[in-house]
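I have placed the structure first, in the form of structure tokens, so that the comments after it can refer back to it.
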Amino acid sequence: MSHAKDLKVTRKQLLAKRKEVLEGVSRAREMGSVETESGAPDIADRATSAFQREFSFSLSENEGKMLRLIDEAIARLDNGKFGMCIHCEQPIERQRLQAVPWARHCIACQELQDRGEM
Ligand SMILES: [Zn+2]
């Protein structure tokens, strides 16, 4: 995973995924504002939609985590550490990176982490 062209493709994948996550968030925001503008004269209703709006404004836990992983992967692309397991510093399997370009661990370390042994 050191080929310059591969890295360029990977960067594109990461940026596309990042956009996808952010667009999902802004879609949720739009839905929130449409709901509010459709008019809820009742104060209780208005309070509810304000609450929903606020809720959809913040990133969900998964989205926030995803964005962080993507940003970290982009940072690793920038500092030349991309494709290296952050735990054992061995190269991450190429196929794994193609499927999950924001992967931080090689498969062996990921399995350890999934089992809670790391
Ligand atoms: Zn590892």
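If you're wondering about the labels, chains in the structure tokens are A, B, ... by order shown, residues count from 1 in each chain, ligands from 1 in order shown.
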Set the distance at 12 Å and use only C-alpha atoms: which residues neighbour region 70-73 of chain A once local chain neighbours fewer than 2 positions away are removed? I'd like the list as a PyMOL selection string.
chain A and resi 7+10-22+63-68+75-86+97+100-105
Next, dump the selected residues to file, keeping only N, CA and C atoms, as a compact mmCIF listing (two decimals), in the first residue's frame.
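again.txt, freshly written:
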# COMPACT_ATOMS: atom_id res chain seq x y z
N LEU A 7 -2.55 5.41 -3.00
CA LEU A 7 -2.80 6.36 -1.92
C LEU A 7 -3.76 7.47 -2.38
N THR A 10 -7.14 6.02 -2.39
CA THR A 10 -7.59 5.86 -1.01
C THR A 10 -8.05 7.20 -0.44
N ARG A 11 -7.27 8.25 -0.72
CA ARG A 11 -7.64 9.57 -0.22
C ARG A 11 -9.03 9.96 -0.75
N LYS A 12 -9.23 9.69 -2.05
CA LYS A 12 -10.53 9.99 -2.65
C LYS A 12 -11.65 9.23 -1.96
N GLN A 13 -11.39 7.94 -1.69
CA GLN A 13 -12.38 7.10 -1.01
C GLN A 13 -12.72 7.69 0.35
N LEU A 14 -11.68 8.10 1.06
CA LEU A 14 -11.86 8.64 2.41
C LEU A 14 -12.65 9.95 2.37
N LEU A 15 -12.30 10.81 1.42
CA LEU A 15 -12.99 12.10 1.33
C LEU A 15 -14.45 11.90 0.92
N ALA A 16 -14.68 10.91 0.03
CA ALA A 16 -16.05 10.62 -0.39
C ALA A 16 -16.88 10.11 0.78
N LYS A 17 -16.26 9.24 1.57
CA LYS A 17 -16.96 8.68 2.72
C LYS A 17 -17.26 9.79 3.75
N ARG A 18 -16.29 10.67 3.92
CA ARG A 18 -16.43 11.78 4.85
C ARG A 18 -17.63 12.64 4.45
N LYS A 19 -17.70 12.92 3.15
CA LYS A 19 -18.79 13.73 2.60
C LYS A 19 -20.14 13.03 2.82
N GLU A 20 -20.10 11.72 2.59
CA GLU A 20 -21.32 10.93 2.75
C GLU A 20 -21.85 11.03 4.18
N VAL A 21 -20.93 10.91 5.14
CA VAL A 21 -21.34 10.99 6.54
C VAL A 21 -21.90 12.38 6.84
N LEU A 22 -21.17 13.42 6.38
CA LEU A 22 -21.60 14.79 6.65
C LEU A 22 -22.93 15.11 5.96
N GLU A 63 -21.72 8.48 13.83
CA GLU A 63 -21.23 9.41 12.82
C GLU A 63 -19.97 10.12 13.29
N GLY A 64 -19.99 10.52 14.57
CA GLY A 64 -18.83 11.19 15.13
C GLY A 64 -17.60 10.29 15.13
N LYS A 65 -17.82 9.04 15.48
CA LYS A 65 -16.73 8.07 15.53
C LYS A 65 -16.17 7.83 14.12
N MET A 66 -17.10 7.70 13.19
CA MET A 66 -16.73 7.46 11.79
C MET A 66 -15.89 8.63 11.25
N LEU A 67 -16.35 9.85 11.52
CA LEU A 67 -15.63 11.02 11.04
C LEU A 67 -14.23 11.07 11.64
N ARG A 68 -14.13 10.71 12.90
CA ARG A 68 -12.83 10.73 13.57
C ARG A 68 -11.88 9.71 12.93
N ALA A 75 -5.00 11.90 8.03
CA ALA A 75 -3.78 12.39 8.68
C ALA A 75 -2.63 11.41 8.48
N ARG A 76 -2.94 10.11 8.55
CA ARG A 76 -1.89 9.10 8.34
C ARG A 76 -1.42 9.10 6.89
N LEU A 77 -2.34 9.40 5.98
CA LEU A 77 -1.93 9.54 4.57
C LEU A 77 -0.94 10.69 4.45
N ASP A 78 -1.23 11.77 5.17
CA ASP A 78 -0.38 12.96 5.10
C ASP A 78 1.00 12.72 5.72
N ASN A 79 1.05 11.97 6.81
CA ASN A 79 2.36 11.79 7.46
C ASN A 79 3.06 10.49 7.06
N GLY A 80 2.51 9.83 6.06
CA GLY A 80 3.19 8.65 5.50
C GLY A 80 3.04 7.39 6.32
N LYS A 81 2.14 7.40 7.30
CA LYS A 81 1.97 6.22 8.14
C LYS A 81 0.74 5.41 7.74
N PHE A 82 0.13 5.80 6.65
CA PHE A 82 -1.09 5.10 6.24
C PHE A 82 -0.80 3.64 5.91
N GLY A 83 -1.72 2.77 6.33
CA GLY A 83 -1.58 1.36 6.00
C GLY A 83 -0.78 0.59 7.03
N MET A 84 -0.40 1.27 8.11
CA MET A 84 0.36 0.63 9.16
C MET A 84 -0.54 0.47 10.38
N CYS A 85 -0.52 -0.72 10.95
CA CYS A 85 -1.33 -0.97 12.14
C CYS A 85 -0.84 -0.06 13.27
N ILE A 86 -1.76 0.65 13.94
CA ILE A 86 -1.31 1.57 14.98
C ILE A 86 -0.87 0.84 16.24
N LEU A 97 -7.62 -2.83 3.68
CA LEU A 97 -7.59 -1.39 3.45
C LEU A 97 -8.49 -0.98 2.29
N VAL A 100 -11.93 -1.27 3.94
CA VAL A 100 -12.08 -0.35 5.07
C VAL A 100 -10.86 0.56 5.13
N PRO A 101 -10.81 1.60 4.26
CA PRO A 101 -9.59 2.42 4.20
C PRO A 101 -9.28 3.16 5.51
N TRP A 102 -10.27 3.26 6.40
CA TRP A 102 -10.02 3.97 7.67
C TRP A 102 -9.63 3.00 8.79
N ALA A 103 -9.36 1.74 8.42
CA ALA A 103 -8.96 0.75 9.43
C ALA A 103 -7.68 1.19 10.14
N ARG A 104 -7.66 1.04 11.47
CA ARG A 104 -6.48 1.45 12.24
C ARG A 104 -5.61 0.25 12.60
N HIS A 105 -6.23 -0.93 12.60
CA HIS A 105 -5.52 -2.11 13.04
C HIS A 105 -5.46 -3.17 11.94
Residues within 8 Å of ligand 1, counting only C-alpha atoms and all ligand atoms: report them as number ranges by chain.
A: 84-92, 105-110
Rounded to one decimal place, report the CA of Glu23 (chain A)-CA of Leu69 (chain A) distance in Å.
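Atom-to-atom, CA of Glu23 (chain A) and CA of Leu69 (chain A) are spaced 16.7 Å apart.
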Atom-to-atom span, CA of Glu111 (chain A) and CA of Ile74 (chain A), Å:
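The value is 23.3 Å.
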